[in-house]
Every structure is written in C-alpha cells, then in structure tokens.
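Peer 1: Next comes my_file00.tsv, TSV, C-alpha atoms:
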```tsv
chain	number	residue	atom	x	y	z
A	1	MET	CA	0.00	0.00	0.00
A	2	LYS	CA	1.25	3.47	-0.80
A	3	ASN	CA	2.53	5.57	2.09
A	4	LYS	CA	-0.08	8.25	2.86
A	5	ASN	CA	1.97	10.38	5.21
A	6	ILE	CA	-0.12	13.49	5.81
A	7	PHE	CA	2.46	15.26	7.99
A	8	GLY	CA	3.49	18.24	5.90
A	9	PHE	CA	6.36	20.74	5.90
A	10	VAL	CA	5.96	24.32	4.74
A	11	PHE	CA	8.50	26.95	3.74
A	12	LEU	CA	8.35	30.71	3.73
A	13	ILE	CA	9.67	32.45	0.62
A	14	THR	CA	9.25	36.19	1.03
A	15	ILE	CA	8.16	38.59	3.77
A	16	LEU	CA	7.84	42.37	3.38
A	17	THR	CA	6.45	44.55	6.16
A	18	ILE	CA	5.45	48.14	6.75
A	19	ALA	CA	5.18	49.09	10.44
A	20	SER	CA	2.15	50.95	11.67
A	21	ALA	CA	1.87	50.24	15.39
A	22	GLN	CA	-1.18	51.32	17.30
A	23	GLY	CA	-0.87	52.39	20.92
A	24	ALA	CA	-2.95	50.87	23.69
A	25	GLN	CA	-3.18	51.11	27.46
A	26	VAL	CA	-2.31	47.86	29.24
A	27	ARG	CA	-1.31	46.63	32.67
A	28	LEU	CA	2.43	46.77	33.24
A	29	LYS	CA	2.57	43.01	33.90
A	30	SER	CA	1.49	42.46	30.27
A	31	ILE	CA	4.71	43.94	28.90
A	32	ALA	CA	7.21	43.53	31.74
A	33	LYS	CA	8.28	41.22	34.54
A	34	VAL	CA	9.95	41.58	37.92
A	35	LYS	CA	13.68	40.84	37.88
A	36	GLY	CA	14.51	37.68	39.80
A	37	ILE	CA	11.11	36.07	39.21
A	38	ARG	CA	11.52	33.86	36.15
A	39	GLU	CA	10.95	30.33	34.91
A	40	ASN	CA	13.67	27.68	34.73
A	41	GLN	CA	14.32	24.92	32.21
A	42	LEU	CA	14.31	21.27	33.29
A	43	ILE	CA	15.42	18.15	31.41
A	44	GLY	CA	15.58	14.42	32.02
A	45	TYR	CA	16.11	11.07	30.32
A	46	GLY	CA	13.45	8.39	30.65
A	47	LEU	CA	11.61	5.44	29.18
A	48	VAL	CA	8.12	5.15	27.70
A	49	SER	CA	6.47	1.74	27.96
A	50	GLY	CA	3.21	0.23	26.73
A	51	LEU	CA	3.79	0.87	23.01
A	52	GLN	CA	2.26	-1.52	20.46
A	53	ARG	CA	5.48	-2.63	18.76
A	54	SER	CA	6.14	0.94	17.69
A	55	GLY	CA	9.03	1.56	20.11
A	56	ASP	CA	12.80	1.43	19.64
A	57	THR	CA	14.32	-1.49	17.74
A	58	GLN	CA	17.30	-3.65	18.73
A	59	ARG	CA	19.56	-1.13	16.98
A	60	VAL	CA	19.13	1.39	19.80
A	61	LEU	CA	21.57	-0.01	22.34
A	62	SER	CA	20.97	2.79	24.86
A	63	THR	CA	17.33	1.72	25.22
A	64	LEU	CA	18.31	-1.91	25.86
A	65	GLN	CA	20.87	-0.82	28.45
A	66	SER	CA	18.35	1.48	30.14
A	67	ILE	CA	15.80	-1.34	30.41
A	68	THR	CA	18.50	-3.59	31.90
A	69	ASN	CA	19.46	-0.99	34.50
A	70	MET	CA	15.82	-0.35	35.44
A	71	LEU	CA	14.98	-4.03	35.87
A	72	MET	CA	18.07	-4.56	38.05
A	73	GLN	CA	16.61	-2.06	40.53
A	74	PHE	CA	13.67	-4.46	40.95
A	75	GLY	CA	15.87	-7.52	41.36
A	76	VAL	CA	15.53	-8.76	37.78
A	77	LYS	CA	18.92	-9.76	36.37
A	78	ILE	CA	19.06	-9.69	32.59
A	79	THR	CA	21.57	-8.66	29.92
A	80	PRO	CA	20.84	-6.31	27.00
A	81	ASP	CA	21.23	-9.10	24.42
A	82	GLN	CA	18.41	-11.02	26.10
A	83	ILE	CA	15.88	-8.23	25.56
A	84	ARG	CA	13.53	-8.60	22.59
A	85	THR	CA	10.93	-5.87	22.76
A	86	GLN	CA	9.63	-2.96	20.73
A	87	ASN	CA	7.19	-1.83	23.37
A	88	VAL	CA	9.64	0.61	24.98
A	89	ALA	CA	11.21	3.84	23.71
A	90	ALA	CA	13.97	6.05	25.10
A	91	VAL	CA	12.86	9.67	25.41
A	92	MET	CA	14.02	13.08	26.53
A	93	VAL	CA	11.65	14.84	28.91
A	94	THR	CA	11.63	18.63	29.12
A	95	ALA	CA	9.62	21.11	31.17
A	96	LYS	CA	9.46	24.75	32.23
A	97	LEU	CA	9.42	25.36	35.96
A	98	PRO	CA	7.42	28.58	36.53
A	99	PRO	CA	8.50	30.95	39.30
A	100	LEU	CA	7.09	30.85	42.83
A	101	LEU	CA	5.90	27.24	42.61
A	102	LYS	CA	6.10	25.20	45.81
A	103	SER	CA	6.92	21.58	46.52
A	104	GLY	CA	3.92	19.46	45.56
A	105	ASP	CA	2.74	21.65	42.67
A	106	LYS	CA	2.37	20.08	39.21
A	107	ILE	CA	3.70	21.18	35.82
A	108	ASP	CA	3.30	19.98	32.21
A	109	VAL	CA	6.10	18.06	30.50
A	110	THR	CA	7.00	17.39	26.86
A	111	VAL	CA	8.29	13.96	25.83
A	112	SER	CA	10.26	13.35	22.62
A	113	SER	CA	11.78	10.17	21.23
A	114	ILE	CA	15.58	9.99	20.80
A	115	GLY	CA	15.70	6.50	19.24
A	116	ASP	CA	14.04	5.06	16.16
A	117	ALA	CA	10.57	4.61	17.65
A	118	ARG	CA	7.80	5.08	15.09
A	119	SER	CA	5.15	6.31	17.51
A	120	LEU	CA	4.63	7.09	21.20
A	121	GLN	CA	0.89	6.57	20.85
A	122	GLY	CA	-0.61	4.84	23.88
A	123	GLY	CA	2.63	5.04	25.87
A	124	LEU	CA	3.23	5.61	29.57
A	125	LEU	CA	6.17	7.70	30.78
A	126	LEU	CA	7.95	5.92	33.62
A	127	MET	CA	9.24	7.87	36.63
A	128	THR	CA	11.80	10.35	35.31
A	129	PRO	CA	13.83	12.83	37.42
A	130	LEU	CA	14.04	16.30	35.87
A	131	GLN	CA	17.23	18.27	36.49
A	132	GLY	CA	18.05	21.95	36.32
A	133	PRO	CA	21.26	23.47	34.90
A	134	ASP	CA	22.91	22.95	38.30
A	135	GLY	CA	22.36	19.17	38.16
A	136	GLN	CA	19.83	19.18	41.01
A	137	VAL	CA	16.52	17.32	40.67
A	138	TYR	CA	13.62	19.79	40.84
A	139	ALA	CA	10.74	17.63	39.63
A	140	VAL	CA	9.78	14.02	38.88
A	141	ALA	CA	7.65	13.19	35.83
A	142	GLN	CA	5.38	10.21	35.20
A	143	GLY	CA	2.07	9.61	33.43
A	144	ALA	CA	0.16	8.70	30.29
A	145	LEU	CA	1.17	10.47	27.08
A	146	ALA	CA	-1.12	12.71	25.06
A	147	VAL	CA	0.04	12.36	21.45
A	148	GLY	CA	-1.28	14.93	18.99
A	149	GLY	CA	-0.91	12.60	16.02
A	150	TYR	CA	-1.87	9.18	14.72
A	151	SER	CA	-0.14	6.44	12.74
A	152	GLU	CA	-1.16	2.98	11.60
A	153	GLY	CA	0.44	-0.02	9.92
A	154	GLY	CA	3.93	-0.66	8.57
A	155	ASP	CA	7.01	-2.01	10.35
A	156	GLU	CA	9.49	0.71	9.52
A	157	ILE	CA	7.38	3.34	7.72
A	158	PRO	CA	3.71	3.82	8.71
A	159	LEU	CA	1.11	3.42	5.99
A	160	ILE	CA	-0.92	6.28	7.43
A	161	GLN	CA	0.47	9.09	9.58
A	162	ILE	CA	-1.24	12.27	10.74
A	163	ASN	CA	0.87	14.90	12.47
A	164	ASN	CA	3.90	14.10	14.62
A	165	THR	CA	3.69	10.88	16.62
A	166	THR	CA	7.14	10.87	18.26
A	167	THR	CA	6.54	13.90	20.48
A	168	ALA	CA	3.88	14.05	23.19
A	169	ARG	CA	2.83	15.92	26.30
A	170	VAL	CA	1.87	14.85	29.80
A	171	PRO	CA	-0.44	17.51	31.29
A	172	ASN	CA	0.38	18.02	34.98
A	173	GLY	CA	2.77	15.14	34.53
A	174	ALA	CA	5.58	16.31	36.82
A	175	LEU	CA	5.52	16.83	40.56
A	176	VAL	CA	7.72	19.65	41.87
A	177	GLU	CA	10.12	18.29	44.50
A	178	ARG	CA	12.42	21.26	45.07
A	179	GLU	CA	11.56	24.96	45.21
A	180	VAL	CA	13.62	27.57	43.38
A	181	PRO	CA	14.18	30.57	45.65
A	182	SER	CA	13.13	33.89	44.09
A	183	THR	CA	15.13	36.92	45.24
A	184	TYR	CA	13.54	40.03	43.80
A	185	VAL	CA	14.32	42.64	46.50
A	186	ASP	CA	17.85	44.09	46.56
A	187	ASN	CA	18.65	46.90	49.00
A	188	ASP	CA	14.97	47.94	49.25
A	189	THR	CA	14.79	48.08	45.45
A	190	ILE	CA	12.95	45.99	42.87
A	191	SER	CA	13.63	46.05	39.14
A	192	ILE	CA	11.17	45.85	36.26
A	193	LEU	CA	12.40	44.28	33.01
A	194	LEU	CA	10.59	45.08	29.75
A	195	GLU	CA	9.77	42.11	27.53
A	196	HIS	CA	10.74	44.21	24.50
A	197	PRO	CA	13.45	46.71	25.53
A	198	ASP	CA	12.85	50.19	24.15
A	199	PHE	CA	14.09	53.55	25.49
A	200	GLY	CA	10.83	55.32	24.71
A	201	GLN	CA	8.77	52.62	26.41
A	202	ALA	CA	11.09	52.63	29.44
A	203	SER	CA	10.57	56.39	29.80
A	204	ILE	CA	6.79	56.00	29.59
A	205	VAL	CA	6.82	53.27	32.24
A	206	MET	CA	9.03	55.35	34.54
A	207	GLN	CA	6.70	58.35	34.30
A	208	ALA	CA	3.61	56.19	34.93
A	209	LEU	CA	5.17	54.62	38.04
A	210	ASN	CA	6.32	57.98	39.44
A	211	GLN	CA	2.84	59.35	38.90
A	212	GLN	CA	1.37	56.33	40.70
A	213	PHE	CA	3.72	56.15	43.69
A	214	GLY	CA	5.37	59.55	43.87
A	215	GLU	CA	8.38	61.31	42.33
A	216	GLN	CA	11.83	59.67	42.47
A	217	VAL	CA	10.41	56.19	43.14
A	218	ALA	CA	11.20	54.89	39.63
A	219	LYS	CA	14.34	55.43	37.60
A	220	ALA	CA	15.03	54.00	34.15
A	221	VAL	CA	18.48	52.39	34.08
A	222	ASP	CA	18.37	51.77	30.33
A	223	GLY	CA	15.87	50.81	27.64
A	224	GLY	CA	15.04	47.51	29.32
A	225	GLN	CA	15.18	48.04	33.09
A	226	ILE	CA	13.42	50.38	35.54
A	227	ASP	CA	14.48	50.35	39.21
A	228	LEU	CA	11.97	51.21	41.94
A	229	LYS	CA	12.74	52.18	45.53
A	230	ILE	CA	10.15	50.60	47.81
A	231	PRO	CA	8.16	53.45	49.47
A	232	ASN	CA	8.13	53.61	53.27
A	233	ASN	CA	4.45	52.70	53.48
A	234	TYR	CA	5.16	49.45	51.60
A	235	ARG	CA	8.33	48.38	53.46
A	236	ASP	CA	6.41	45.85	55.58
A	237	ASN	CA	4.36	44.51	52.67
A	238	VAL	CA	6.47	44.19	49.55
A	239	VAL	CA	3.97	41.80	47.97
A	240	ASP	CA	1.30	44.52	47.88
A	241	PHE	CA	3.81	46.92	46.33
A	242	VAL	CA	4.76	44.45	43.57
A	243	ALA	CA	1.06	43.78	42.90
A	244	ALA	CA	0.36	47.51	42.64
A	245	VAL	CA	3.33	47.98	40.30
A	246	GLU	CA	2.17	45.17	38.01
A	247	ASP	CA	-1.35	46.61	37.97
A	248	THR	CA	-0.17	50.09	36.88
A	249	ARG	CA	-1.67	51.11	33.51
A	250	VAL	CA	0.81	52.27	30.86
A	251	MET	CA	0.62	53.24	27.20
A	252	THR	CA	2.38	50.86	24.84
A	253	ASP	CA	2.53	49.67	21.25
A	254	SER	CA	3.86	46.27	22.36
A	255	PRO	CA	1.62	43.21	22.06
A	256	SER	CA	-0.53	42.33	25.05
A	257	ASN	CA	-2.51	39.51	23.40
A	258	ARG	CA	-1.32	35.97	22.87
A	259	VAL	CA	-1.46	33.48	20.01
A	260	VAL	CA	-0.84	29.85	21.02
A	261	VAL	CA	0.40	27.43	18.35
A	262	ASN	CA	0.85	23.66	18.52
A	263	GLU	CA	2.94	22.89	15.45
A	264	ARG	CA	2.76	19.12	15.96
A	265	THR	CA	-1.02	19.06	15.64
A	266	GLY	CA	-1.57	22.15	13.49
A	267	THR	CA	-3.66	23.81	16.21
A	268	VAL	CA	-3.85	27.62	16.46
A	269	VAL	CA	-5.68	29.41	19.30
A	270	LEU	CA	-6.00	33.19	19.06
A	271	GLY	CA	-8.15	36.07	20.23
A	272	GLN	CA	-10.33	38.03	17.85
A	273	ASP	CA	-8.70	41.35	18.85
A	274	VAL	CA	-5.19	40.41	17.69
A	275	ARG	CA	-4.03	42.90	15.04
A	276	ILE	CA	-1.41	42.84	12.28
A	277	ASP	CA	0.40	45.60	10.43
A	278	ALA	CA	0.65	46.03	6.68
A	279	VAL	CA	2.49	43.00	5.31
A	280	ALA	CA	3.06	41.19	2.00
A	281	ILE	CA	3.57	37.42	2.13
A	282	ALA	CA	4.57	34.85	-0.47
A	283	HIS	CA	4.14	31.33	0.88
A	284	GLY	CA	4.36	28.50	-1.64
A	285	ASN	CA	1.53	29.08	-4.12
A	286	LEU	CA	-0.26	31.29	-1.62
A	287	ARG	CA	-0.11	35.09	-1.96
A	288	LEU	CA	-1.43	37.48	0.70
A	289	VAL	CA	-1.24	41.25	0.86
A	290	VAL	CA	-2.39	43.30	3.83
A	291	LYS	CA	-2.04	46.97	2.98
A	292	SER	CA	-3.09	50.33	4.34
A	293	THR	CA	-4.14	53.18	2.08
A	294	THR	CA	-4.73	56.85	2.80
A	295	GLN	CA	-7.06	59.09	0.83
A	296	ILE	CA	-7.57	62.85	1.06
A	297	THR	CA	-11.22	63.74	0.69
A	298	LYS	CA	-13.13	67.02	0.91
A	299	ASP	CA	-15.55	67.33	3.83
A	300	ALA	CA	-19.01	68.05	2.39
A	301	VAL	CA	-20.11	70.22	5.33
A	302	PHE	CA	-17.06	72.19	6.44
A	303	GLY	CA	-15.15	72.07	3.18
A	304	HIS	CA	-11.77	71.15	4.69
A	305	ASP	CA	-9.61	68.19	3.71
A	306	GLN	CA	-9.69	65.02	5.79
A	307	LEU	CA	-7.67	61.80	5.74
A	308	THR	CA	-9.44	58.48	5.24
A	309	HIS	CA	-7.58	55.24	6.12
A	310	SER	CA	-8.47	51.73	5.01
A	311	THR	CA	-6.83	48.31	5.09
A	312	THR	CA	-7.32	45.52	2.55
A	313	ILE	CA	-6.40	41.86	2.54
A	314	GLU	CA	-5.83	40.44	-0.92
A	315	THR	CA	-5.40	36.69	-1.28
A	316	SER	CA	-4.76	34.55	-4.29
A	317	ASP	CA	-3.68	31.04	-5.14
A	318	GLU	CA	-2.12	29.73	-8.33
A	319	GLY	CA	-4.86	29.10	-10.84
A	320	LYS	CA	-7.49	30.98	-8.84
A	321	LYS	CA	-8.79	34.49	-9.07
A	322	GLY	CA	-7.69	36.74	-6.20
A	323	ASN	CA	-10.17	37.71	-3.50
A	324	LEU	CA	-10.32	41.24	-2.12
A	325	VAL	CA	-11.68	42.02	1.35
A	326	LEU	CA	-12.09	45.61	2.57
A	327	LEU	CA	-11.42	46.13	6.29
A	328	PRO	CA	-11.06	49.03	8.72
A	329	GLU	CA	-7.55	50.20	9.55
A	330	GLY	CA	-5.53	47.64	11.52
A	331	ALA	CA	-6.50	44.28	10.02
A	332	SER	CA	-7.64	41.63	12.48
A	333	LEU	CA	-5.77	38.35	12.63
A	334	MET	CA	-9.15	36.63	12.31
A	335	ASP	CA	-9.49	38.33	8.92
A	336	LEU	CA	-6.13	36.88	7.92
A	337	VAL	CA	-7.31	33.43	9.01
A	338	ASP	CA	-10.46	33.80	6.92
A	339	ALA	CA	-8.35	34.90	3.96
A	340	VAL	CA	-6.06	31.86	4.22
A	341	ASN	CA	-9.07	29.55	4.49
A	342	ALA	CA	-10.70	31.20	1.48
A	343	VAL	CA	-7.90	30.00	-0.81
A	344	GLY	CA	-7.62	26.54	0.69
A	345	GLY	CA	-4.69	27.16	3.04
A	346	THR	CA	-4.01	24.62	5.79
A	347	PRO	CA	-3.40	25.25	9.53
A	348	ARG	CA	0.29	24.56	8.92
A	349	ASP	CA	0.34	27.31	6.29
A	350	LEU	CA	-1.12	29.67	8.87
A	351	ILE	CA	1.42	28.61	11.52
A	352	SER	CA	4.38	29.32	9.23
A	353	ILE	CA	2.87	32.66	8.21
A	354	LEU	CA	2.29	33.64	11.86
A	355	GLN	CA	5.88	32.80	12.80
A	356	ALA	CA	7.29	34.89	9.96
A	357	VAL	CA	4.94	37.84	10.58
A	358	LYS	CA	5.91	37.79	14.26
A	359	GLU	CA	9.60	37.70	13.36
A	360	GLU	CA	9.15	40.81	11.23
A	361	GLY	CA	7.37	42.64	14.05
A	362	ALA	CA	4.02	42.95	12.28
A	363	LEU	CA	2.06	40.73	14.69
A	364	HIS	CA	0.70	42.63	17.71
A	365	ALA	CA	0.62	39.62	20.04
A	366	GLU	CA	2.89	37.22	21.86
A	367	LEU	CA	3.40	34.06	19.81
A	368	GLU	CA	3.75	30.98	22.04
A	369	ILE	CA	4.65	27.62	20.48
A	370	ILE	CA	3.92	24.54	22.59
```
Can you dump the structure from the file as structure tokens?
Peer 2:
Amino acid sequence: MKNKNIFGFVFLITILTIASAQGAQVRLKSIAKVKGIRENQLIGYGLVSGLQRSGDTQRVLSTLQSITNMLMQFGVKITPDQIRTQNVAAVMVTAKLPPLLKSGDKIDVTVSSIGDARSLQGGLLLMTPLQGPDGQVYAVAQGALAVGGYSEGGDEIPLIQINNTTTARVPNGALVEREVPSTYVDNDTISILLEHPDFGQASIVMQALNQQFGEQVAKAVDGGQIDLKIPNNYRDNVVDFVAAVEDTRVMTDSPSNRVVVNERTGTVVLGQDVRIDAVAIAHGNLRLVVKSTTQITKDAVFGHDQLTHSTTIETSDEGKKGNLVLLPEGASLMDLVDAVNAVGGTPRDLISILQAVKEEGALHAELEII
C-alpha cells in the first residue's frame, strides 16, 4: 500500500512589512516582569512503555541498556542481548518550571523520542527525574502520554500518519520536588524588566510609576530596566507593592494579546482582537497582501480636507482568481485566518505565516509555540 503520510512541511519564501503600530493602554505586567522572578528549564532522560510494537528497535543499544538498568533495581537480572521488545522507547523529557511554585505543585512536560521509535501513541512515561542546569533534581515526571498525532500499519514506515507521533505531552505530569528561591528585592529596590526593551517605552513606564507612587520612586536604568525604591508605606508589605506595580496602567505599542500554536497538531488558538500591520507574504503558491491606504477627501459640510484610512487583505492562489476584502484600519488576525481559508490554506500554512509575521514585528501579540 502506498505511504499516505499526511504530515506536511511548509517553507516561507518572502516577507515584506510596513510598520504601523497602534498604541494601547495595558497593565504593566502584560509587557514587563519583575527581575529575579523567572521560569527555569528542566530536562531528564526516561523510558516510555506500553507501546504496540512501535518503540525502539534492537539497533538502539541505549534503550536496551536502560531497560536492563531499570529491571536490576527491581531484582531482575538480565543482559541487554536477552531483551527482545519494541514496546519501549527512550525519550528526553523537558519542562518549564514557573517561578514561585512550591513543593507538591504540578507542571506539564513534553516527551520526545531519541531513538528510532515510530510512535509514542498509547505510551506511559515511567518515573523520570528532571534536572536543572545545576544538576539538582527539581521535579519528577510520570504519566500517560497525550500524542497529537496518529499512525497505523507498517514495520518501519507507517502506511498512514497524521501529524507528529514521536513527540507528546503529559499535562500536569511532573511533581515539583524542590523549590527555586526567588530573590527580587535588593537593597529595598525591585527592578522591572521590559519584555521588548525600548528607550521610549522605558521612559513612559518610569513616568507612569512615578505618577502612581510619587516622584523619584522609579528610575530608568536603560531601555530595558526600571528600578523602583520601595516606598516607606510598603516596606512591611512588599507583595502589595509588587502587585500595585504590576497593575499600573501604561501606554504601549507592544503586544498584550497571545497566540498559542501547537505545530505538531496544526492547532492555532487566538483572540479576535489580535491585530497585524501592513504586510506582503509569499508562501508557496499562496499570496497574501495586507495593505493600508490613505485618501484625502473634501468634507461636504465644512469644506476642509480630511484623511481616510483603510486596510485591505488580498489573497490569491495559483490558478485561482484573487479575493479582495475591505477592512477598517488595523486588520484583524481573524481576517487573515479567513483569507487563508478562502484560498484553501491549511493550519500549517497559517502557523508558518504567523511565525514569519511575528519575526518581522508585524504581529501585535505574543506568539507561544507549545
């Protein structure tokens, strides 16, 4: 039977952008974070069992050795050359440890095959210690895998495959065993770090904080950091001060929305208020143009000139007539999604386009890939 691998790869050819950022008032925590309060990366090596002959083959010696070592802990003495199984796969387990978590909290983990396993579908991650950069164990992962793909048939190459089947997630699959201390107060001072350093934005934030808490409280060190002296009335309750700082409203043209993308499954989750700037995209046979135009018209009542702005999205595919959609200024990302769908684009087309538009600075949202 012919291989019907549906997992596709897409490539971006050309991106041209014209910036036209729109300002908005957001909470400071949407565009900045407190220095010293950050997430940490964790990694571990483990085994996934329960696979239906889709695990690592005899060629992966590290898997055979790992099974031998694990069984010896339970009193089972066996050598690697005595193992004949494809129901186990060696995997790397990664996770992000958010700040301020305590022992006993749970976090998500991502599991990826490092051998020649064909699929992790139906697998169970066995107890895996997760280490930080310092070599200390901060969490322990274990649980059933959630694979965002599907494969069927074939010994070496599946006859049918949808999405990626060698990477999976375990929601709440790791138990935090060690807390990471967060030191965010230094000499009665806390520091705010902008997600997107900019001297103009740092000045705006400094002025907003001084207006909120009093003159000389905030001082911009550079385009990415603002230091704040803790006021006397907050010395005994720094948590309230940090909360008030994060809740301060500031003007910004930085993104405050979020677009979440799962590239393995082709899933895109976005808000309807996400905006994009003028941009021209060539992606395979797909052509999209988002452009702003300005017209000078004569006011019928007062007789003076006025500017009229409009934004259009033009889409076309090879062999098809282009579609033209008129929109108000500042095209919505939902409009871009509709335009891609109108010419038969796939979710993976949209994911590649979003990544490139974000890279060029034309996407007014945080792009998170899981």
Peer 1: Using all atoms listed in the file, which of the listed residues (A:Val170, A:Leu333, A:Val245, A:Leu228) sits closest to A:Val268?
Peer 2: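 So, comparing all the options, the nearest one is A:Leu333.
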Peer 1: What is the atom CA of A:Asp186-atom CA of A:Asp247 distance in Å, reported with one decimal?
Peer 2: 21.2 Å
Peer 1: Would you please work out which residue, of A:Phe199, A:Arg258, A:Asp236, A:Leu193, is nearest to A:Gly36 when using only C-alpha atoms?
Peer 2: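 Of all the options, A:Leu193 lies closest to A:Gly36.
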Peer 1: Here is a test: counting all atoms listed in the file, which residue of A:Leu194, A:Ile67, A:Ala362, A:Ala220 is nearest to A:Ile31?
Peer 2: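 Ranking A:Leu194, A:Ile67, A:Ala362, A:Ala220 by distance to A:Ile31, first place goes to A:Leu194.
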Peer 1: Given the choices A:Asn232, A:Ser332, A:Thr248, A:Gln58, which gets closest to A:Arg275 if the distance is worked out from all atoms listed in the file?
Peer 2: A:Ser332
Peer 1: Check the smallest atom-to-atom distance from each of A:Leu354, A:Val60, A:Ala208, A:Leu336 to A:Gln86 using all atoms listed in the file, then report the winner.
Peer 2: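 Looking at the shortest contact to A:Gln86, the residue is A:Val60.
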Peer 1: With distances taken over all atoms listed in the file, which of A:Asn87, A:Ser113, A:Asn164, A:Ser191 is nearest to A:Ser54?
Peer 2: A:Asn87
Peer 1: If you measure from atom CA of A:Val221 to atom CA of A:Asp198, what distance in Å do you get, rounded to one decimal?
Peer 2: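 Interatomic distance, atom CA of A:Val221 to atom CA of A:Asp198: 11.6 Å.
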Peer 1: List as a list in words the protein and nucleic acid residues near A:Gly173, meaning an atom at most 8 Å away when only C-alpha atoms are counted, but skip any in the same chain fewer than 4 places from it.
Peer 2: Lys106, Ile107, Asp108, Val109, Ala141, Gln142 and Gly143 of chain A
Peer 1: Need the shell around A:Gln211: protein/DNA/RNA residues with any atom at most 12 Å away, counting all atoms listed in the file. Skip same-chain ones fewer than 5 positions apart. Format as a list of chain:residue names?
Peer 2: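 After dropping sequence-adjacent residues, the list is A:Ile204, A:Val205, A:Met206, A:Gln216, A:Val217, A:Ala218, A:Val245, A:Thr248, A:Arg249, A:Val250.
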Peer 1: Quote the spacing between atom CA of A:Val242 and atom CA of A:Gly214 in Å to one decimal place.
Peer 2: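 Pair atom CA of A:Val242 / atom CA of A:Gly214 returns 15.1 Å.
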Peer 1: I'd like the contact shell of A:Arg59 - 12 Å cut-off, only C-alpha atoms, skipping same-chain residues fewer than 4 positions apart - returned as a PyMOL selection string.
Peer 2: chain A and resi 55+63-65+80-81+83-86+89+115-117
Peer 1: Skip stretch 43-47 of chain A itself and residues of its chain fewer than 5 positions away, then list as a PyMOL selection string all residues within 10 Å of it, counting all atoms listed in the file.
Peer 2: chain A and resi 63+66-67+70+88-96+109-114+123-133+135+137-142
Peer 1: Need the axis-aligned box for stretch 171-175 of chain A with 3 Å each side, so what are the centre and edges in Å to one decimal, as JSON?
Peer 2:
```
{"center_x": 2.6, "center_y": 16.6, "center_z": 35.9, "size_x": 12.0, "size_y": 8.9, "size_z": 15.3}
```
